[in-house]
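Taking it in order: structure first as structure tokens, then the write-up.
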Amino acid sequence: MDRKHSTRQGYGLIAFILLAVSLSAYLTPAHAKQTDEPLCGNGFSPDYGFTYNLLQPHWTLGWENYASERTVDEVDAILDELNEDVIAQTMILVLPQGQVGIRTNCAVHFLRYMKLGLPSGERKDNGFVFLIVVESNDIDVHYAVGLGLPALTAYELTSINRAVETSYETTHSMDQALLTLAKEFDRVARENYSPLVDPTPTPDDEELPATPLGIAALCGQMCIFFLILLFIFWVLSQVGRGGMMYTPSGPRSTWRRGGFPGFPSGGGGFGRGGGGMPRMRGGSGSGRSGRTN
């Protein structure tokens with residue numbers, strides 16, 4: 001009996017070991033799969049490990065757990081103007097330190113992936129990225145510069161990095177750090193680059209002196225213009241009072257009250273909070289970068 005009992009125990013131990021080994025083999029690939037995705041800065045072209053949409057509602061990404069949307073909107077307003085003045089297309093990436101590998105590479109890879117910078121023209125390759133790495137008690141700021149912004153010196157840009165880090169160290173507020181970054185970068189960028197404005201084209205031909213026939217034609221055009229303008233005013237007044245509007249309905253046409261077709265009769269718009277699509281921000285298709293720190 002003792003011998004049989006020992007044999008059963010031996011078989012049971014072997015079965016337990018085999019079960020443990022099989023479970024380990026089953027679980028190990030799942031764990032490996034979680035670590036397959038490269039850290040930011042450790043990826044390779046063409047996507048460098050990123051999966052972001054190339055158009056974003058804000059110039060700042062990854063802010064949700066650290067800053068308020070009101071601050072991000074303020075930063076957008078500053079960076080929108082830098083973009084519209086053809087000075088720099090700038091994005092800010094906020095990541096926890098556990099998601100970042102080589103930090104300077106992370107900034108450069110993000111600039112390339114988001115295709116920041118103009119593809120042609122006088123301000124070609126004017127993309128720029130700030131990377132904010134969130135650590136346990138402070139932040140570490142890095143940048144990547146497009147090839148088309150050679151006037152921005154390492155001294156100026158590193159000073160911005162240190163100012164942002166000091167702001168966070170003093171206030172422990174990502175809101176304050178983001179505002180400091182946007183304002184300081186706006187100041188430095190505008191000290192080096194002025195807004196690029198397309199010159200107004202001038203007519204090549206000289207103006208011919210007015211003739212009686214030309215004056216008569218001009219009067220006729222003005223009369224037609226005023227008639228069209230009066231009609232537009234009448235239509236707008238009818239719509240504003242909920243006036244009548246023509247609407248085809250089958251073989252017979254009817255008139256109904258309401259707004260223009262395709263637009264909500266109660267108003268609305270295409271900006272944030274207006275019921276339409278929010279403004280989307282992103283690069284113009286360049287992404288070429290050079291210096292980083």
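Here's how to read the names in the structure tokens: chain A, B, ... by the order shown, residue numbers from 1 in each chain, ligand numbers from 1 in the order shown.
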### Message
So that I can see what lies close to Val94 (chain A), please list as an MDAnalysis selection string the residues with an atom at most 7 Å from it, counting only C-alpha atoms and leaving out residues fewer than 2 positions away in the same chain.
### Response
chainID A and resid 61:63 92 131:133
Mind dumping the selected residues with N, CA and C atoms as a PDB file, in the first residue's frame?
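Writing the result to out-v2.pdb gives the following:
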```
ATOM      1  N   LEU A  61      -0.033  67.388 -27.447  1.00  0.00           N
ATOM      2  CA  LEU A  61      -0.516  66.018 -27.323  1.00  0.00           C
ATOM      3  C   LEU A  61      -0.083  65.437 -25.982  1.00  0.00           C
ATOM      4  N   GLY A  62      -0.950  64.613 -25.403  1.00  0.00           N
ATOM      5  CA  GLY A  62      -0.628  63.943 -24.153  1.00  0.00           C
ATOM      6  C   GLY A  62      -0.827  64.794 -22.913  1.00  0.00           C
ATOM      7  N   TRP A  63      -1.595  65.866 -23.037  1.00  0.00           N
ATOM      8  CA  TRP A  63      -1.775  66.804 -21.927  1.00  0.00           C
ATOM      9  C   TRP A  63      -2.863  66.377 -20.951  1.00  0.00           C
ATOM     10  N   ILE A  92       3.790  70.194 -29.197  1.00  0.00           N
ATOM     11  CA  ILE A  92       4.327  69.844 -27.886  1.00  0.00           C
ATOM     12  C   ILE A  92       3.844  68.437 -27.555  1.00  0.00           C
ATOM     13  N   LEU A 131       9.460  68.375 -26.414  1.00  0.00           N
ATOM     14  CA  LEU A 131       9.113  67.155 -25.695  1.00  0.00           C
ATOM     15  C   LEU A 131       9.210  67.423 -24.200  1.00  0.00           C
ATOM     16  N   ILE A 132       8.117  67.167 -23.473  1.00  0.00           N
ATOM     17  CA  ILE A 132       8.104  67.301 -22.021  1.00  0.00           C
ATOM     18  C   ILE A 132       7.993  65.904 -21.421  1.00  0.00           C
ATOM     19  N   VAL A 133       9.052  65.467 -20.773  1.00  0.00           N
ATOM     20  CA  VAL A 133       9.069  64.158 -20.116  1.00  0.00           C
ATOM     21  C   VAL A 133       8.706  64.361 -18.647  1.00  0.00           C
TER      22      VAL A 133
END
```
### Query
Hey, what's within 7 Å of Pro119 (chain A) if we count only C-alpha atoms and toss same-chain stuff fewer than 3 positions away? As an MDAnalysis selection string, please?
chainID A and resid 124:125 284:286
## Note on the structure
Closest of A:Arg70, A:His142, A:His58, A:Arg103 to Cys40 (chain A), counting only C-alpha atoms, is A:Arg103
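For the residues A:Leu55, A:Met91, A:Cys106, A:Leu152, ranking by smallest atom-to-atom distance to Asn42 (chain A) using only C-alpha atoms places A:Cys106 first.
Across the model, the gap from CA of Glu156 (chain A) to CA of Ala88 (chain A) is 15.4 Å.
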Considering only C-alpha atoms, return as a compact mmCIF listing (two decimals) with N, CA and C atoms, in the first residue's frame whatever protein or nucleic-acid residues lie within 12 Å of Tyr66 (chain A), sequence-local ones (same chain, fewer than 5 positions apart) excluded.
```txt
# COMPACT_ATOMS: atom_id res chain seq x y z
N THR A 60 -0.80 70.57 -28.73
CA THR A 60 -0.22 69.82 -27.62
C THR A 60 -0.86 68.44 -27.56
N LEU A 61 -0.03 67.39 -27.45
CA LEU A 61 -0.52 66.02 -27.32
C LEU A 61 -0.08 65.44 -25.98
N THR A 71 -5.87 75.91 -20.61
CA THR A 71 -4.47 76.27 -20.86
C THR A 71 -4.03 75.80 -22.24
N VAL A 72 -4.44 74.60 -22.62
CA VAL A 72 -4.07 74.06 -23.93
C VAL A 72 -4.65 74.94 -25.03
N LEU A 93 4.77 67.57 -27.20
CA LEU A 93 4.43 66.19 -26.83
C LEU A 93 4.75 65.99 -25.35
N VAL A 94 3.74 65.58 -24.58
CA VAL A 94 3.91 65.33 -23.14
C VAL A 94 3.79 63.83 -22.91
N LEU A 95 4.85 63.23 -22.33
CA LEU A 95 4.87 61.80 -22.09
C LEU A 95 5.45 61.50 -20.71
N PRO A 96 4.94 60.47 -20.02
CA PRO A 96 5.59 60.02 -18.79
C PRO A 96 6.92 59.36 -19.12
N ILE A 132 8.12 67.17 -23.47
CA ILE A 132 8.10 67.30 -22.02
C ILE A 132 7.99 65.90 -21.42
N VAL A 133 9.05 65.47 -20.77
CA VAL A 133 9.07 64.16 -20.12
C VAL A 133 8.71 64.36 -18.65
N VAL A 134 7.62 63.74 -18.22
CA VAL A 134 7.13 63.90 -16.86
C VAL A 134 7.78 62.85 -15.96
N GLU A 135 8.56 63.31 -14.99
CA GLU A 135 9.21 62.43 -14.04
C GLU A 135 8.44 62.45 -12.73
N ILE A 139 10.02 67.79 -14.39
CA ILE A 139 9.91 67.52 -15.82
C ILE A 139 11.25 67.75 -16.49
N TYR A 168 7.99 74.72 -13.63
CA TYR A 168 7.31 73.56 -13.05
C TYR A 168 7.85 73.25 -11.65
N HIS A 172 4.86 73.47 -9.56
CA HIS A 172 4.33 72.11 -9.73
C HIS A 172 3.02 72.13 -10.52
N SER A 173 2.98 73.02 -11.52
CA SER A 173 1.79 73.18 -12.36
C SER A 173 2.19 73.00 -13.82
N MET A 174 1.63 72.00 -14.47
CA MET A 174 1.88 71.81 -15.89
C MET A 174 1.23 72.94 -16.70
N ASP A 175 0.14 73.48 -16.21
CA ASP A 175 -0.49 74.63 -16.87
C ASP A 175 0.51 75.78 -16.99
N GLN A 176 1.16 76.10 -15.88
CA GLN A 176 2.11 77.20 -15.87
C GLN A 176 3.31 76.88 -16.75
N ALA A 177 3.75 75.63 -16.73
CA ALA A 177 4.90 75.24 -17.54
C ALA A 177 4.58 75.38 -19.03
N LEU A 178 3.39 74.95 -19.45
CA LEU A 178 3.00 75.05 -20.86
C LEU A 178 2.89 76.50 -21.32
```
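In this comparison, which uses only C-alpha atoms, the residue of A:Gly121, A:Gly41, A:Val197, A:Leu227 approaching Ile102 (chain A) most closely is A:Gly41.
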